[in-house]
>>> print(open('target.csv').read())   # CSV, N, CA and C atoms
chain,number,residue,atom,x,y,z
A,1,MET,N,94.2,128.2,85.2
A,1,MET,CA,93.6,127.0,85.6
A,1,MET,C,93.3,126.2,84.4
A,2,ALA,N,93.6,124.9,84.5
A,2,ALA,CA,93.4,124.0,83.3
A,2,ALA,C,91.9,123.8,83.0
A,3,ALA,N,91.7,123.5,81.8
A,3,ALA,CA,90.3,123.3,81.4
A,3,ALA,C,89.8,121.9,81.9
A,4,PRO,N,88.5,121.8,82.2
A,4,PRO,CA,88.0,120.5,82.7
A,4,PRO,C,88.4,119.3,81.8
A,5,ASP,N,88.3,119.5,80.5
A,5,ASP,CA,88.6,118.4,79.6
A,5,ASP,C,90.1,118.0,79.7
A,6,SER,N,91.0,119.0,79.9
A,6,SER,CA,92.4,118.7,80.0
A,6,SER,C,92.7,118.0,81.3
A,7,SER,N,92.0,118.4,82.4
A,7,SER,CA,92.2,117.7,83.7
A,7,SER,C,91.7,116.3,83.7
A,8,SER,N,90.6,116.1,83.1
A,8,SER,CA,90.1,114.7,83.1
A,8,SER,C,90.9,113.8,82.1
A,9,ALA,N,91.4,114.4,81.0
A,9,ALA,CA,92.3,113.6,80.1
A,9,ALA,C,93.6,113.2,80.9
A,10,PHE,N,94.1,114.2,81.6
A,10,PHE,CA,95.3,113.9,82.4
A,10,PHE,C,95.1,112.8,83.4
A,11,PHE,N,93.9,112.9,84.1
A,11,PHE,CA,93.6,112.0,85.1
A,11,PHE,C,93.4,110.6,84.5
A,12,LYS,N,92.7,110.5,83.4
A,12,LYS,CA,92.5,109.2,82.7
A,12,LYS,C,93.8,108.6,82.3
A,13,GLU,N,94.7,109.4,81.7
A,13,GLU,CA,96.0,108.9,81.3
A,13,GLU,C,96.8,108.4,82.5
A,14,TYR,N,96.8,109.2,83.5
A,14,TYR,CA,97.5,108.8,84.8
A,14,TYR,C,96.9,107.5,85.3
A,15,GLN,N,95.6,107.4,85.4
A,15,GLN,CA,95.0,106.2,85.9
A,15,GLN,C,95.3,105.0,85.0
A,16,ASP,N,95.3,105.1,83.7
A,16,ASP,CA,95.6,104.0,82.8
A,16,ASP,C,97.0,103.6,83.0
A,17,ARG,N,98.0,104.5,83.1
A,17,ARG,CA,99.4,104.1,83.4
A,17,ARG,C,99.5,103.4,84.7
A,18,PHE,N,98.8,103.9,85.7
A,18,PHE,CA,98.9,103.3,87.0
A,18,PHE,C,98.3,101.8,87.0
A,19,GLU,N,97.2,101.7,86.3
A,19,GLU,CA,96.6,100.3,86.2
A,19,GLU,C,97.5,99.4,85.4
A,20,LYS,N,98.2,99.9,84.4
A,20,LYS,CA,99.1,99.1,83.6
A,20,LYS,C,100.3,98.7,84.4
A,21,LYS,N,100.8,99.6,85.2
A,21,LYS,CA,101.9,99.3,86.1
A,21,LYS,C,101.6,98.2,87.2
A,22,ILE,N,100.4,98.4,87.7
A,22,ILE,CA,99.9,97.4,88.7
A,22,ILE,C,99.8,96.0,88.1
A,23,LYS,N,99.3,96.0,86.9
A,23,LYS,CA,99.1,94.7,86.2
A,23,LYS,C,100.5,94.1,85.9
A,24,GLU,N,101.4,94.9,85.4
A,24,GLU,CA,102.8,94.4,85.1
A,24,GLU,C,103.4,93.8,86.4
A,25,ASN,N,103.3,94.5,87.5
A,25,ASN,CA,103.8,94.1,88.8
A,25,ASN,C,103.2,92.8,89.2
A,26,GLU,N,101.9,92.6,89.0
A,26,GLU,CA,101.2,91.4,89.4
A,26,GLU,C,101.7,90.2,88.5
A,27,ILE,N,101.9,90.5,87.2
A,27,ILE,CA,102.3,89.4,86.4
A,27,ILE,C,103.7,89.0,86.8
A,28,ALA,N,104.6,89.9,87.1
A,28,ALA,CA,106.0,89.6,87.5
A,28,ALA,C,106.0,88.8,88.8
A,29,LEU,N,105.1,89.2,89.7
A,29,LEU,CA,105.0,88.5,91.0
A,29,LEU,C,104.5,87.1,90.8
A,30,LEU,N,103.5,86.9,90.0
A,30,LEU,CA,103.0,85.5,89.7
A,30,LEU,C,104.0,84.7,88.9
A,31,GLU,N,104.7,85.3,88.0
A,31,GLU,CA,105.8,84.5,87.3
A,31,GLU,C,106.9,84.1,88.2
A,32,HIS,N,107.3,84.9,89.2
A,32,HIS,CA,108.3,84.5,90.1
A,32,HIS,C,107.9,83.4,91.0
A,33,TRP,N,106.7,83.4,91.6
A,33,TRP,CA,106.3,82.3,92.4
A,33,TRP,C,105.9,81.1,91.7
A,34,LYS,N,105.4,81.2,90.4
A,34,LYS,CA,105.2,80.1,89.6
A,34,LYS,C,106.5,79.3,89.3
A,35,ALA,N,107.5,80.1,89.0
A,35,ALA,CA,108.9,79.5,88.8
A,35,ALA,C,109.3,78.8,90.0
A,36,GLN,N,109.1,79.3,91.2
A,36,GLN,CA,109.5,78.7,92.5
A,36,GLN,C,108.7,77.3,92.6
A,37,LEU,N,107.4,77.3,92.3
A,37,LEU,CA,106.7,76.1,92.4
A,37,LEU,C,107.0,75.1,91.3
A,38,ASP,N,107.4,75.6,90.2
A,38,ASP,CA,107.8,74.7,89.1
A,38,ASP,C,109.1,74.0,89.5
A,39,LYS,N,110.0,74.7,90.2
A,39,LYS,CA,111.2,74.0,90.7
A,39,LYS,C,110.8,72.8,91.7
A,40,VAL,N,109.8,73.1,92.5
A,40,VAL,CA,109.4,72.0,93.4
A,40,VAL,C,108.8,70.8,92.6
A,41,ILE,N,108.0,71.1,91.6
A,41,ILE,CA,107.4,70.1,90.8
A,41,ILE,C,108.5,69.3,90.0
A,42,SER,N,109.5,70.0,89.5
A,42,SER,CA,110.5,69.3,88.7
A,42,SER,C,111.5,68.5,89.5
A,43,ALA,N,111.5,68.8,90.8
A,43,ALA,CA,112.5,68.1,91.7
A,43,ALA,C,112.1,66.7,91.9
A,44,ARG,N,110.8,66.3,91.7
A,44,ARG,CA,110.3,65.0,91.9
A,44,ARG,C,110.7,64.4,93.2
A,45,PRO,N,110.2,65.0,94.3
A,45,PRO,CA,110.5,64.5,95.6
A,45,PRO,C,110.2,63.0,95.8
A,46,ASP,N,111.1,62.3,96.5
A,46,ASP,CA,110.9,60.9,96.7
A,46,ASP,C,110.0,60.5,97.9
A,47,SER,N,109.5,61.5,98.6
A,47,SER,CA,108.6,61.2,99.7
A,47,SER,C,107.7,62.4,100.0
A,48,ILE,N,106.7,62.2,100.8
A,48,ILE,CA,105.8,63.3,101.2
A,48,ILE,C,106.6,64.2,102.1
A,49,ALA,N,107.4,63.7,102.9
A,49,ALA,CA,108.2,64.6,103.8
A,49,ALA,C,109.1,65.5,103.0
A,50,SER,N,109.7,65.0,102.0
A,50,SER,CA,110.6,65.8,101.1
A,50,SER,C,109.8,66.9,100.4
A,51,LEU,N,108.6,66.5,99.9
A,51,LEU,CA,107.7,67.5,99.3
A,51,LEU,C,107.3,68.6,100.2
A,52,GLN,N,106.9,68.2,101.5
A,52,GLN,CA,106.5,69.1,102.5
A,52,GLN,C,107.7,70.1,102.8
A,53,MET,N,108.9,69.6,102.8
A,53,MET,CA,110.0,70.5,103.1
A,53,MET,C,110.2,71.6,102.0
A,54,GLN,N,110.0,71.1,100.8
A,54,GLN,CA,110.2,72.0,99.6
A,54,GLN,C,109.1,73.1,99.6
A,55,VAL,N,107.8,72.6,99.9
A,55,VAL,CA,106.7,73.6,100.0
A,55,VAL,C,106.9,74.6,101.1
A,56,LYS,N,107.4,74.0,102.3
A,56,LYS,CA,107.7,74.9,103.4
A,56,LYS,C,108.7,76.0,103.1
A,57,LYS,N,109.8,75.6,102.3
A,57,LYS,CA,110.8,76.5,101.9
A,57,LYS,C,110.2,77.6,101.1
A,58,VAL,N,109.3,77.3,100.1
A,58,VAL,CA,108.7,78.3,99.3
A,58,VAL,C,107.8,79.2,100.2
A,59,SER,N,107.1,78.6,101.1
A,59,SER,CA,106.3,79.4,102.0
A,59,SER,C,107.1,80.4,102.9
A,60,GLU,N,108.2,79.9,103.3
A,60,GLU,CA,109.1,80.8,104.1
A,60,GLU,C,109.7,81.9,103.3
A,61,MET,N,110.0,81.6,102.0
A,61,MET,CA,110.5,82.7,101.1
A,61,MET,C,109.4,83.7,100.9
A,62,MET,N,108.1,83.3,100.8
A,62,MET,CA,107.0,84.2,100.6
A,62,MET,C,106.9,85.1,101.9
A,63,ALA,N,107.0,84.4,103.1
A,63,ALA,CA,106.8,85.1,104.3
A,63,ALA,C,107.9,86.2,104.5
A,64,THR,N,109.1,85.8,104.1
A,64,THR,CA,110.2,86.8,104.2
A,64,THR,C,110.0,88.0,103.3
A,65,ARG,N,109.5,87.7,102.1
A,65,ARG,CA,109.3,88.8,101.2
A,65,ARG,C,108.2,89.7,101.7
A,66,ILE,N,107.1,89.1,102.3
A,66,ILE,CA,106.1,89.9,102.8
A,66,ILE,C,106.6,90.8,103.9
A,67,LYS,N,107.4,90.3,104.8
A,67,LYS,CA,108.0,91.1,105.9
A,67,LYS,C,108.8,92.3,105.4
A,68,VAL,N,109.6,92.0,104.3
A,68,VAL,CA,110.4,93.1,103.7
A,68,VAL,C,109.5,94.1,103.1
A,69,LEU,N,108.5,93.7,102.4
A,69,LEU,CA,107.6,94.7,101.8
A,69,LEU,C,106.9,95.5,102.9
A,70,LYS,N,106.4,94.9,103.9
A,70,LYS,CA,105.7,95.6,105.0
A,70,LYS,C,106.7,96.6,105.7
A,71,LYS,N,107.9,96.2,105.9
A,71,LYS,CA,108.9,97.0,106.6
A,71,LYS,C,109.2,98.2,105.7
A,72,ASP,N,109.4,98.0,104.4
A,72,ASP,CA,109.7,99.1,103.5
A,72,ASP,C,108.5,100.1,103.4
A,73,GLY,N,107.3,99.5,103.5
A,73,GLY,CA,106.1,100.4,103.4
A,73,GLY,C,105.9,101.2,104.6
A,74,ASN,N,106.3,100.8,105.8
A,74,ASN,CA,106.1,101.5,107.0
A,74,ASN,C,107.2,102.4,107.4
A,75,GLY,N,108.4,102.2,106.7
A,75,GLY,CA,109.5,103.0,107.1
A,75,GLY,C,109.9,104.0,106.2
>>> encode(input="target.csv", output="structure tokens")
Amino acid sequence: MAAPDSSSAFFKEYQDRFEKKIKENEIALLEHWKAQLDKVISARPDSIASLQMQVKKVSEMMATRIKVLKKDGNG
């Protein structure tokens, strides 16, 4: 049986790696969606309707990704 210090050191290291991975994933996620919104900003839409269509497209992309992640998580 492992010593208590060894077990808590292992748990701490595992927890630190897990938290680092979560943070990296969150950064990647935010960078991706920021890039999508930056495309909308740089497009300089000529009307409100055009801007709404671009925002709707980003929203649909997000909805699709959410569906894929939920499907992968349940199956």
>>> atom_distance(input="target.csv", atom1="CA of Phe18 (chain A)", atom2="atom C of Lys70 (chain A)")
21.3 Å
>>> axis_aligned_box(input="target.csv", around="region 10-22 of chain A", padding_each_side="8 Å", output="AutoDock Vina command-line options")
--center_x 97.2 --center_y 105.1 --center_z 85.0 --size_x 25.4 --size_y 34.2 --size_z 23.4
>>> atom_distance(input="target.csv", atom1="CA of Met61 (chain A)", atom2="CA of Ala28 (chain A)")
15.9 Å
>>> atom_distance(input="target.csv", atom1="atom C of Lys23 (chain A)", atom2="atom N of Ile41 (chain A)")
24.9 Å
